>>> print(open('query_2.cif').read())   # mmCIF, C-alpha atoms and all ligand atoms
data_data
#
loop_
_atom_site.label_atom_id
_atom_site.label_comp_id
_atom_site.auth_asym_id
_atom_site.auth_seq_id
_atom_site.Cartn_x
_atom_site.Cartn_y
_atom_site.Cartn_z
CA MET M 1432 5.52 16.46 62.26
CA TYR M 1433 9.01 17.56 61.36
CA ILE M 1434 11.00 17.78 58.14
CA ASP M 1435 14.77 17.44 57.87
CA SER M 1436 15.30 20.02 55.13
CA HIS M 1437 18.94 19.14 54.47
CA CYS M 1438 20.43 15.70 54.86
CA HIS M 1439 22.86 13.37 53.06
CA LEU M 1440 21.54 9.84 53.72
CA ASN M 1441 23.82 8.58 50.94
CA LEU M 1442 26.92 9.85 52.79
CA MET M 1443 25.73 8.27 56.06
CA VAL M 1444 25.75 4.70 54.78
CA LYS M 1445 29.13 4.46 53.03
CA LYS M 1446 32.69 5.42 53.85
CA ASP M 1447 33.82 6.84 50.53
CA PHE M 1448 32.24 9.69 48.65
CA ASP M 1449 31.43 9.52 44.94
CA LEU M 1450 30.75 5.81 44.80
CA PRO M 1451 27.37 4.44 43.66
CA LEU M 1452 25.23 2.97 46.46
CA LYS M 1453 25.24 -0.82 46.72
CA SER M 1454 22.13 -2.83 47.48
CA GLU M 1455 23.16 -3.36 51.14
CA ASP M 1456 23.45 0.44 51.49
CA PHE M 1457 19.74 0.76 50.74
CA SER M 1458 18.83 -1.45 53.71
CA LYS M 1459 20.92 0.86 55.92
CA VAL M 1460 19.07 3.86 54.45
CA SER M 1461 15.78 2.12 55.19
CA LEU M 1462 16.72 1.80 58.88
CA LEU M 1463 17.81 5.46 59.07
CA ILE M 1464 14.44 6.55 57.67
CA GLU M 1465 12.55 4.24 60.05
CA ASN M 1466 14.37 5.80 63.03
CA ALA M 1467 13.70 9.32 61.73
CA VAL M 1468 9.98 8.62 61.28
CA SER M 1469 9.79 7.17 64.82
CA ALA M 1470 11.18 10.51 66.06
CA GLY M 1471 8.48 12.41 64.15
CA VAL M 1472 10.68 13.36 61.19
CA GLU M 1473 8.38 12.29 58.39
CA LYS M 1474 9.96 13.95 55.35
CA ILE M 1475 13.61 14.32 54.38
CA ILE M 1476 15.13 16.54 51.70
CA ASN M 1477 18.23 14.64 50.60
CA VAL M 1478 20.83 16.83 48.95
CA GLY M 1479 23.35 15.85 46.27
CA THR M 1480 26.90 17.20 46.16
CA SER M 1481 28.29 15.81 42.89
CA LEU M 1482 27.06 13.88 39.84
CA VAL M 1483 27.45 10.45 41.52
CA GLU M 1484 25.93 11.61 44.81
CA SER M 1485 23.06 13.29 42.93
CA ILE M 1486 22.31 9.97 41.21
CA ASN M 1487 22.45 8.25 44.63
CA THR M 1488 20.08 10.88 46.00
CA VAL M 1489 17.57 10.29 43.20
CA GLU M 1490 17.78 6.51 43.70
CA ILE M 1491 17.01 6.93 47.43
CA ALA M 1492 14.12 9.33 46.75
CA LYS M 1493 12.59 6.95 44.21
CA GLN M 1494 12.77 4.06 46.66
CA PHE M 1495 11.49 5.79 49.83
CA GLU M 1496 8.29 7.84 49.88
CA GLN M 1497 9.55 10.09 52.73
CA VAL M 1498 12.57 11.30 50.75
CA PHE M 1499 12.81 14.04 48.10
CA ALA M 1500 15.88 14.78 45.98
CA VAL M 1501 17.87 17.96 45.46
CA VAL M 1502 20.56 17.56 42.80
CA GLY M 1503 23.60 19.62 41.89
CA ILE M 1504 27.33 20.23 42.19
CA HIS M 1505 28.73 21.49 45.52
CA PRO M 1506 31.37 24.22 45.10
CA CYS M 1507 34.02 21.85 46.52
CA ASP M 1508 33.01 19.29 43.87
CA ALA M 1509 33.23 21.76 40.99
CA LYS M 1510 36.06 19.88 39.29
CA GLU M 1511 37.42 20.44 35.79
CA THR M 1512 34.66 18.14 34.53
CA TRP M 1513 31.83 20.18 36.07
CA LYS M 1514 30.20 21.11 32.74
CA LYS M 1515 30.04 17.48 31.64
CA ASP M 1516 28.73 16.46 35.09
CA LEU M 1517 26.08 19.16 34.92
CA GLY M 1518 25.04 17.84 31.50
CA GLU M 1519 24.30 14.47 33.14
CA ILE M 1520 22.44 16.15 36.01
CA LYS M 1521 20.29 17.97 33.42
CA LYS M 1522 19.21 14.57 32.08
CA LEU M 1523 17.94 13.65 35.57
CA ILE M 1524 16.04 16.96 35.79
CA LYS M 1525 14.33 16.35 32.43
CA ASP M 1526 12.32 13.70 34.25
CA LYS M 1527 12.10 15.62 37.50
CA GLU M 1528 8.65 14.34 38.58
CA PHE M 1529 9.64 10.69 38.12
CA ASN M 1530 13.01 11.35 39.83
CA LYS M 1531 11.33 13.28 42.71
CA ILE M 1532 13.69 16.26 42.17
CA VAL M 1533 12.44 19.29 44.12
CA GLY M 1534 15.46 21.63 43.96
CA ILE M 1535 19.00 22.34 42.73
CA GLY M 1536 21.79 22.09 45.30
CA GLU M 1537 23.84 22.25 47.08
CA ILE M 1538 25.37 25.03 45.08
CA GLY M 1539 27.29 28.15 46.06
CA LEU M 1540 30.80 29.21 46.94
CA ASP M 1541 33.33 27.74 49.38
CA PHE M 1542 36.64 29.55 49.75
CA TYR M 1543 37.46 27.66 52.96
CA HIS M 1544 38.45 24.22 51.71
CA LYS M 1545 41.72 24.48 49.79
CA PRO M 1546 42.65 24.29 47.00
CA PHE M 1547 39.77 25.96 45.19
CA ASN M 1548 39.24 27.63 41.85
CA LYS M 1549 37.29 30.83 42.45
CA GLN M 1550 36.21 31.51 38.89
CA ARG M 1551 35.20 27.92 38.26
CA GLN M 1552 33.04 27.93 41.42
CA ILE M 1553 31.36 31.17 40.34
CA ASP M 1554 30.71 29.81 36.83
CA ALA M 1555 29.25 26.56 38.20
CA PHE M 1556 27.11 28.49 40.71
CA LYS M 1557 25.65 30.78 38.02
CA ALA M 1558 25.06 27.93 35.57
CA GLN M 1559 23.12 26.03 38.25
CA ILE M 1560 21.03 29.06 39.26
CA GLU M 1561 20.09 29.41 35.60
CA LEU M 1562 19.24 25.71 35.46
CA ALA M 1563 16.97 26.17 38.48
CA LEU M 1564 15.23 29.12 36.82
CA GLU M 1565 14.72 27.21 33.55
CA ASN M 1566 13.06 24.40 35.49
CA SER M 1567 11.17 26.52 38.05
CA LEU M 1568 13.05 24.88 40.91
CA PRO M 1569 14.36 26.48 44.14
CA ILE M 1570 18.06 26.44 45.04
CA VAL M 1571 19.87 25.19 48.15
CA VAL M 1572 22.83 27.49 48.77
CA HIS M 1573 26.09 26.56 50.52
CA VAL M 1574 28.29 29.44 51.68
CA ARG M 1575 31.61 29.13 53.46
CA SER M 1576 34.14 31.96 53.77
CA ALA M 1577 32.49 33.59 50.76
CA VAL M 1578 29.43 35.53 51.98
CA ASP M 1579 30.10 38.74 50.09
CA GLU M 1580 30.84 36.91 46.84
CA VAL M 1581 27.65 34.84 47.20
CA ILE M 1582 25.59 37.98 47.83
CA LYS M 1583 27.12 39.55 44.71
CA VAL M 1584 26.14 36.58 42.54
CA LEU M 1585 22.66 36.25 44.02
CA GLU M 1586 21.91 39.96 43.60
CA GLU M 1587 21.87 39.34 39.85
CA TYR M 1588 19.12 36.74 40.19
CA ALA M 1589 17.49 37.74 43.45
CA LEU M 1590 14.14 38.81 42.07
CA GLU M 1591 13.61 35.60 40.15
CA VAL M 1592 15.19 32.72 42.07
CA LYS M 1593 13.83 31.30 45.32
CA GLY M 1594 15.71 29.15 47.80
CA VAL M 1595 17.30 28.48 51.15
CA ASN M 1596 20.69 29.33 52.60
CA HIS M 1597 21.50 26.06 54.26
CA CYS M 1598 23.56 25.93 57.48
CA PHE M 1599 22.94 29.60 58.16
CA GLN M 1600 25.40 30.94 60.74
CA HIS M 1601 26.27 34.35 59.37
CA GLU M 1602 25.98 37.93 60.54
CA ARG M 1603 22.87 40.07 60.54
CA TYR M 1604 23.58 41.85 57.22
CA VAL M 1605 23.75 38.47 55.50
CA ALA M 1606 20.44 37.42 57.07
CA ASP M 1607 18.93 40.73 55.94
CA ALA M 1608 20.11 40.17 52.36
CA PHE M 1609 18.65 36.65 52.16
CA LEU M 1610 15.41 37.59 53.90
CA GLY M 1611 15.08 40.61 51.61
CA TRP M 1612 15.10 38.26 48.61
CA GLY M 1613 12.46 36.03 50.24
CA PHE M 1614 14.96 33.24 50.93
CA PHE M 1615 14.68 30.85 53.86
CA LEU M 1616 17.51 30.18 56.34
CA GLY M 1617 18.42 26.61 57.34
CA ILE M 1618 19.08 26.26 61.08
CA ASN M 1619 20.97 23.25 62.41
CA ALA M 1620 22.70 21.81 65.47
CA PRO M 1621 25.50 24.37 65.80
CA ILE M 1622 22.86 26.45 67.65
CA THR M 1623 23.43 23.96 70.51
CA TYR M 1624 27.21 24.56 70.62
CA PRO M 1625 28.37 26.63 73.62
CA LYS M 1626 30.60 28.92 71.51
CA ASN M 1627 27.71 30.16 69.33
CA GLU M 1628 26.20 32.57 71.89
CA GLN M 1629 26.35 35.49 69.46
CA PHE M 1630 24.48 33.60 66.78
CA ARG M 1631 21.80 32.54 69.30
CA GLU M 1632 21.30 36.26 70.04
CA LEU M 1633 20.79 37.00 66.34
CA LEU M 1634 18.41 34.04 66.03
CA LYS M 1635 16.04 35.67 68.53
CA ASP M 1636 15.34 38.36 65.92
CA LEU M 1637 15.03 36.16 62.84
CA PRO M 1638 11.39 35.47 61.88
CA ILE M 1639 10.35 31.83 62.43
CA GLU M 1640 8.34 32.11 59.17
CA SER M 1641 11.70 32.23 57.33
CA LEU M 1642 13.46 29.35 59.10
CA PHE M 1643 13.96 25.69 58.16
CA LEU M 1644 15.25 22.95 60.46
CA GLU M 1645 18.02 20.77 59.05
CA THR M 1646 20.62 18.30 60.27
CA ASP M 1647 23.15 18.22 57.41
CA ALA M 1648 23.73 14.63 58.62
CA PRO M 1649 26.20 12.92 58.75
CA PHE M 1650 27.87 16.25 59.64
CA LEU M 1651 27.33 18.71 62.54
CA PRO M 1652 25.68 16.59 65.28
CA PRO M 1653 23.99 18.25 68.28
CA GLN M 1654 26.26 19.13 71.22
CA GLU M 1655 25.45 15.94 73.18
CA PHE M 1656 26.43 13.74 70.20
CA ARG M 1657 29.54 15.58 69.06
CA GLY M 1658 32.18 13.27 67.65
CA LYS M 1659 29.47 10.88 66.46
CA GLN M 1660 27.50 10.70 63.23
CA ASN M 1661 24.60 13.12 62.97
CA HIS M 1662 21.13 11.70 62.14
CA PRO M 1663 17.81 13.11 60.84
CA LYS M 1664 16.17 11.74 64.02
CA TYR M 1665 17.87 14.59 65.93
CA ILE M 1666 15.69 17.27 64.30
CA PRO M 1667 13.45 17.47 67.43
CA LEU M 1668 16.54 18.39 69.51
CA ILE M 1669 17.29 21.28 67.16
CA ALA M 1670 13.62 22.30 67.27
CA GLN M 1671 13.69 22.32 71.08
CA ALA M 1672 16.85 24.43 71.13
CA LEU M 1673 15.23 26.90 68.71
CA ALA M 1674 12.02 27.00 70.78
CA ASP M 1675 14.09 27.76 73.91
CA ILE M 1676 16.10 30.50 72.19
CA LYS M 1677 13.00 32.19 70.77
CA GLY M 1678 10.79 31.53 73.81
CA ILE M 1679 7.98 30.01 71.74
CA PRO M 1680 6.18 26.64 72.05
CA LEU M 1681 7.85 23.59 70.49
CA ASP M 1682 4.65 22.80 68.56
CA ASP M 1683 4.81 26.20 66.87
CA VAL M 1684 8.40 25.55 65.80
CA ALA M 1685 7.39 22.15 64.38
CA ASP M 1686 4.29 23.42 62.55
CA ILE M 1687 5.74 26.62 61.14
CA THR M 1688 9.11 25.25 60.00
CA THR M 1689 7.36 22.26 58.41
CA SER M 1690 5.02 24.44 56.39
CA ASN M 1691 7.96 26.70 55.43
CA VAL M 1692 9.79 23.73 53.89
CA GLU M 1693 6.63 22.45 52.20
CA SER M 1694 6.00 25.87 50.65
CA LEU M 1695 9.45 26.15 49.04
CA PHE M 1696 9.76 22.61 47.70
CA PHE M 1697 6.06 21.94 46.97
CA ILE M 1698 6.11 18.69 48.93
ZN ZN J 1 25.07 19.60 53.14
#
>>> encode(input="query_2.cif", output="C-alpha cells", more="lines below")
Ligand SMILES: [Zn+2]
Amino acid sequence: MYIDSHCHLNLMVKKDFDLPLKSEDFSKVSLLIENAVSAGVEKIINVGTSLVESINTVEIAKQFEQVFAVVGIHPCDAKETWKKDLGEIKKLIKDKEFNKIVGIGEIGLDFYHKPFNKQRQIDAFKAQIELALENSLPIVVHVRSAVDEVIKVLEEYALEVKGVNHCFQHERYVADAFLGWGFFLGINAPITYPKNEQFRELLKDLPIESLFLETDAPFLPPQEFRGKQNHPKYIPLIAQALADIKGIPLDDVADITTSNVESLFFI
C-alpha cells in the first residue's frame, strides 16, 4: 500500500485556482481517487494553498475516506489579506477532527516567483507555524530559492514543531538541517528526470526512514509523462525509481514510506 503524501486533487479538476469546487468537480475527484486506489495508492494527503483551496481540500477530505486535508496559505498566496484568510482557516481547524485536518501547509518561503513580499511571507510562515504548535499539528513546508531563510525561521521552532519538507531537492546541508530536527523529506518525480543525477547521488545517503513519497499532482509528472498532468496513481513509479537508486526492494520502499507518513499525520 502506498500513500501520496502531497497532492492537489482540487487543482487537478478545474482550470482556475481559487474558485470553489462545483458538484461536477467532485465526480472528477472521485474518478481520480478510484484510479489511485487501483494503482495501490490508498491514502492521499491533499494540501491547500490558499483560503479557498483549503476549503476545497476540506470538502474533498470530508467526502472521500481515502483523503486527508492539510490547510494553510502558500507563500505565493500570502496576499495583503493573509491575516484575514488565516482567521477563516483557524475556524476550519477549530473543528479539525470533523474536517479531517491533519496538518498545516503548504507554508514556507518562495523567493522564485515574482513579485513577492519577503517580510509578509516570513510573517505568514511564522504565524502558521505557531498555529500548528497551538493545535499539535505537523507542518508541510514549501521552499523555493529561500533555503537559508527557511532554515533561519525553522531554527527558532525546530525543537517543538514536526513536519515534512515537501518536494525536497536541495543540497546535503539542507537535508542535514531538516533531518537533525526530525523532519521528513518529500521525494517526488523529479528524481526520474535525467538532469537530476547529482540529487540521485545524495538520495543514496538519505535514510529511507525519513522519506515520504509524493506526487505534487497536477505538477511535476514522472519523466515518461512530462508535459501531461501528474496523478497520484504514479506514486508506484516514483517508488520504483527510489528503490532502484537506493538498491533496496520495492516492497520495503512501499512499507517504510507508508508508515513514515502515517506516523507524522496520525492517519
Ligand atoms: Zn504542492
>>> residues_near_ligand(input="query_2.cif", ligand="ligand ZN 1 (chain J)", cutoff="9 Å", atoms="all atoms listed in the file", output="PyMOL selection string")
chain M and resi 1437-1439+1477-1480+1505+1536-1537+1573+1597-1598+1646-1650
>>> atom_distance(input="query_2.cif", atom1="atom CA of Ile1535 of chain M", atom2="atom CA of Phe1630 of chain M")
27.1 Å
>>> closest_residue(input="query_2.cif", among="M:Lys1446, M:Lys1635, M:Lys1527, M:His1601", to="Pro1621 of chain M", atoms="only C-alpha atoms")
M:His1601
>>> atom_distance(input="query_2.cif", atom1="atom CA of Leu1442 of chain M", atom2="atom CA of Val1501 of chain M")
14.2 Å
>>> residues_near_point(input="query_2.cif", point="(38.9, 26.9, 51.2)", cutoff="12 Å", atoms="only C-alpha atoms", output="PDB file with C-alpha atoms, keeping the file's coordinate frame")
ATOM      1  CA  PRO M1506      31.370  24.220  45.100  1.00  0.00           C
ATOM      2  CA  CYS M1507      34.020  21.850  46.520  1.00  0.00           C
ATOM      3  CA  LEU M1540      30.800  29.210  46.940  1.00  0.00           C
ATOM      4  CA  ASP M1541      33.330  27.740  49.380  1.00  0.00           C
ATOM      5  CA  PHE M1542      36.640  29.550  49.750  1.00  0.00           C
ATOM      6  CA  TYR M1543      37.460  27.660  52.960  1.00  0.00           C
ATOM      7  CA  HIS M1544      38.450  24.220  51.710  1.00  0.00           C
ATOM      8  CA  LYS M1545      41.720  24.480  49.790  1.00  0.00           C
ATOM      9  CA  PRO M1546      42.650  24.290  47.000  1.00  0.00           C
ATOM     10  CA  PHE M1547      39.770  25.960  45.190  1.00  0.00           C
ATOM     11  CA  ASN M1548      39.240  27.630  41.850  1.00  0.00           C
ATOM     12  CA  LYS M1549      37.290  30.830  42.450  1.00  0.00           C
ATOM     13  CA  GLN M1552      33.040  27.930  41.420  1.00  0.00           C
ATOM     14  CA  VAL M1574      28.290  29.440  51.680  1.00  0.00           C
ATOM     15  CA  ARG M1575      31.610  29.130  53.460  1.00  0.00           C
ATOM     16  CA  SER M1576      34.140  31.960  53.770  1.00  0.00           C
ATOM     17  CA  ALA M1577      32.490  33.590  50.760  1.00  0.00           C
TER      18      ALA M1577
END
>>> residues_around(input="query_2.cif", residues="segment 1663-1679 of chain M", least_positions_apart="5", cutoff="8 Å", atoms="all atoms listed in the file", output="list in words")
Tyr1433, Ile1434, Asp1435, Cys1438, Leu1463, Asn1466, Ala1467, Val1468, Ser1469, Ala1470, Gly1471, Val1472, Ile1475, Asn1619, Ala1620, Ile1622, Thr1623, Arg1631, Leu1634, Lys1635, Leu1644, Glu1645, Thr1646, Ala1648, Pro1653, Val1684 and Ala1685 of chain M
>>> closest_residue(input="query_2.cif", among="M:Lys1557, M:Lys1493, M:Lys1514, M:Lys1445", to="Ile1532 of chain M", atoms="all atoms listed in the file")
M:Lys1493
>>> atom_distance(input="query_2.cif", atom1="atom CA of Asp1516 of chain M", atom2="atom CA of Leu1452 of chain M")
18.0 Å
>>> residues_around(input="query_2.cif", residues="Leu1695 of chain M", least_positions_apart="3", cutoff="7 Å", atoms="all atoms listed in the file", output="count of residues only")
3
>>> residues_around(input="query_2.cif", residues="Leu1482 of chain M", least_positions_apart="3", cutoff="12 Å", atoms="only C-alpha atoms", output="PyMOL selection string")
chain M and resi 1448-1451+1478-1479+1485-1489+1501-1505+1508-1510+1512-1523+1536-1537
>>> closest_residue(input="query_2.cif", among="M:Leu1590, M:Leu1681, M:Val1595, M:Ile1698", to="Ile1538 of chain M", atoms="only C-alpha atoms")
M:Val1595
>>> axis_aligned_box(input="query_2.cif", around="segment 1652-1671 of chain M", padding_each_side="4 Å", output="lines of an AutoDock Vina configuration file")
center_x = 22.8
center_y = 16.5
center_z = 67.0
size_x = 26.7
size_y = 19.6
size_z = 20.3
>>> build_atoms(input="query_2.cif", residues="segment 1462-1488 of chain M", atoms="N, CA and C atoms", output="JSON list (two decimals), in the frame of the given file")
[["chain", "number", "residue", "atom", "x", "y", "z"],
["M", 1462, "LEU", "N", 16.69, 1.74, 57.41],
["M", 1462, "LEU", "CA", 16.72, 1.80, 58.88],
["M", 1462, "LEU", "C", 16.83, 3.25, 59.37],
["M", 1463, "LEU", "N", 17.67, 4.04, 58.69],
["M", 1463, "LEU", "CA", 17.81, 5.46, 59.07],
["M", 1463, "LEU", "C", 16.46, 6.16, 58.97],
["M", 1464, "ILE", "N", 15.73, 5.89, 57.89],
["M", 1464, "ILE", "CA", 14.44, 6.55, 57.67],
["M", 1464, "ILE", "C", 13.43, 6.09, 58.74],
["M", 1465, "GLU", "N", 13.45, 4.79, 59.01],
["M", 1465, "GLU", "CA", 12.55, 4.24, 60.05],
["M", 1465, "GLU", "C", 12.78, 4.96, 61.39],
["M", 1466, "ASN", "N", 14.05, 5.12, 61.77],
["M", 1466, "ASN", "CA", 14.37, 5.80, 63.03],
["M", 1466, "ASN", "C", 13.95, 7.27, 63.01],
["M", 1467, "ALA", "N", 14.11, 7.91, 61.85],
["M", 1467, "ALA", "CA", 13.70, 9.32, 61.73],
["M", 1467, "ALA", "C", 12.18, 9.43, 61.90],
["M", 1468, "VAL", "N", 11.45, 8.57, 61.22],
["M", 1468, "VAL", "CA", 9.98, 8.62, 61.28],
["M", 1468, "VAL", "C", 9.51, 8.38, 62.72],
["M", 1469, "SER", "N", 10.16, 7.43, 63.42],
["M", 1469, "SER", "CA", 9.79, 7.17, 64.82],
["M", 1469, "SER", "C", 9.98, 8.41, 65.69],
["M", 1470, "ALA", "N", 10.93, 9.28, 65.30],
["M", 1470, "ALA", "CA", 11.18, 10.51, 66.06],
["M", 1470, "ALA", "C", 10.29, 11.66, 65.59],
["M", 1471, "GLY", "N", 9.40, 11.37, 64.64],
["M", 1471, "GLY", "CA", 8.48, 12.41, 64.15],
["M", 1471, "GLY", "C", 8.97, 13.16, 62.93],
["M", 1472, "VAL", "N", 10.11, 12.71, 62.39],
["M", 1472, "VAL", "CA", 10.68, 13.36, 61.19],
["M", 1472, "VAL", "C", 10.18, 12.58, 59.97],
["M", 1473, "GLU", "N", 9.10, 13.10, 59.37],
["M", 1473, "GLU", "CA", 8.38, 12.29, 58.39],
["M", 1473, "GLU", "C", 8.75, 12.57, 56.95],
["M", 1474, "LYS", "N", 9.49, 13.67, 56.71],
["M", 1474, "LYS", "CA", 9.96, 13.95, 55.35],
["M", 1474, "LYS", "C", 11.42, 14.37, 55.44],
["M", 1475, "ILE", "N", 12.18, 14.00, 54.42],
["M", 1475, "ILE", "CA", 13.61, 14.32, 54.38],
["M", 1475, "ILE", "C", 13.95, 14.86, 52.98],
["M", 1476, "ILE", "N", 14.59, 16.03, 52.96],
["M", 1476, "ILE", "CA", 15.13, 16.54, 51.70],
["M", 1476, "ILE", "C", 16.58, 16.07, 51.65],
["M", 1477, "ASN", "N", 16.88, 15.19, 50.70],
["M", 1477, "ASN", "CA", 18.23, 14.64, 50.60],
["M", 1477, "ASN", "C", 18.98, 15.36, 49.49],
["M", 1478, "VAL", "N", 20.16, 15.87, 49.84],
["M", 1478, "VAL", "CA", 20.83, 16.83, 48.95],
["M", 1478, "VAL", "C", 22.08, 16.22, 48.32],
["M", 1479, "GLY", "N", 22.19, 16.33, 47.01],
["M", 1479, "GLY", "CA", 23.35, 15.85, 46.27],
["M", 1479, "GLY", "C", 24.50, 16.84, 46.35],
["M", 1480, "THR", "N", 25.71, 16.35, 46.09],
["M", 1480, "THR", "CA", 26.90, 17.20, 46.16],
["M", 1480, "THR", "C", 27.75, 17.08, 44.90],
["M", 1481, "SER", "N", 27.49, 16.05, 44.10],
["M", 1481, "SER", "CA", 28.29, 15.81, 42.89],
["M", 1481, "SER", "C", 27.38, 15.01, 41.95],
["M", 1482, "LEU", "N", 27.89, 14.68, 40.75],
["M", 1482, "LEU", "CA", 27.06, 13.88, 39.84],
["M", 1482, "LEU", "C", 26.70, 12.53, 40.48],
["M", 1483, "VAL", "N", 27.71, 11.79, 40.97],
["M", 1483, "VAL", "CA", 27.45, 10.45, 41.52],
["M", 1483, "VAL", "C", 26.51, 10.53, 42.73],
["M", 1484, "GLU", "N", 26.76, 11.51, 43.61],
["M", 1484, "GLU", "CA", 25.93, 11.61, 44.81],
["M", 1484, "GLU", "C", 24.52, 12.14, 44.47],
["M", 1485, "SER", "N", 24.40, 12.87, 43.37],
["M", 1485, "SER", "CA", 23.06, 13.29, 42.93],
["M", 1485, "SER", "C", 22.28, 12.08, 42.41],
["M", 1486, "ILE", "N", 22.97, 11.20, 41.68],
["M", 1486, "ILE", "CA", 22.31, 9.97, 41.21],
["M", 1486, "ILE", "C", 21.89, 9.13, 42.42],
["M", 1487, "ASN", "N", 22.80, 9.00, 43.41],
["M", 1487, "ASN", "CA", 22.45, 8.25, 44.63],
["M", 1487, "ASN", "C", 21.22, 8.84, 45.32],
["M", 1488, "THR", "N", 21.19, 10.18, 45.36],
["M", 1488, "THR", "CA", 20.08, 10.88, 46.00],
["M", 1488, "THR", "C", 18.75, 10.58, 45.30]]
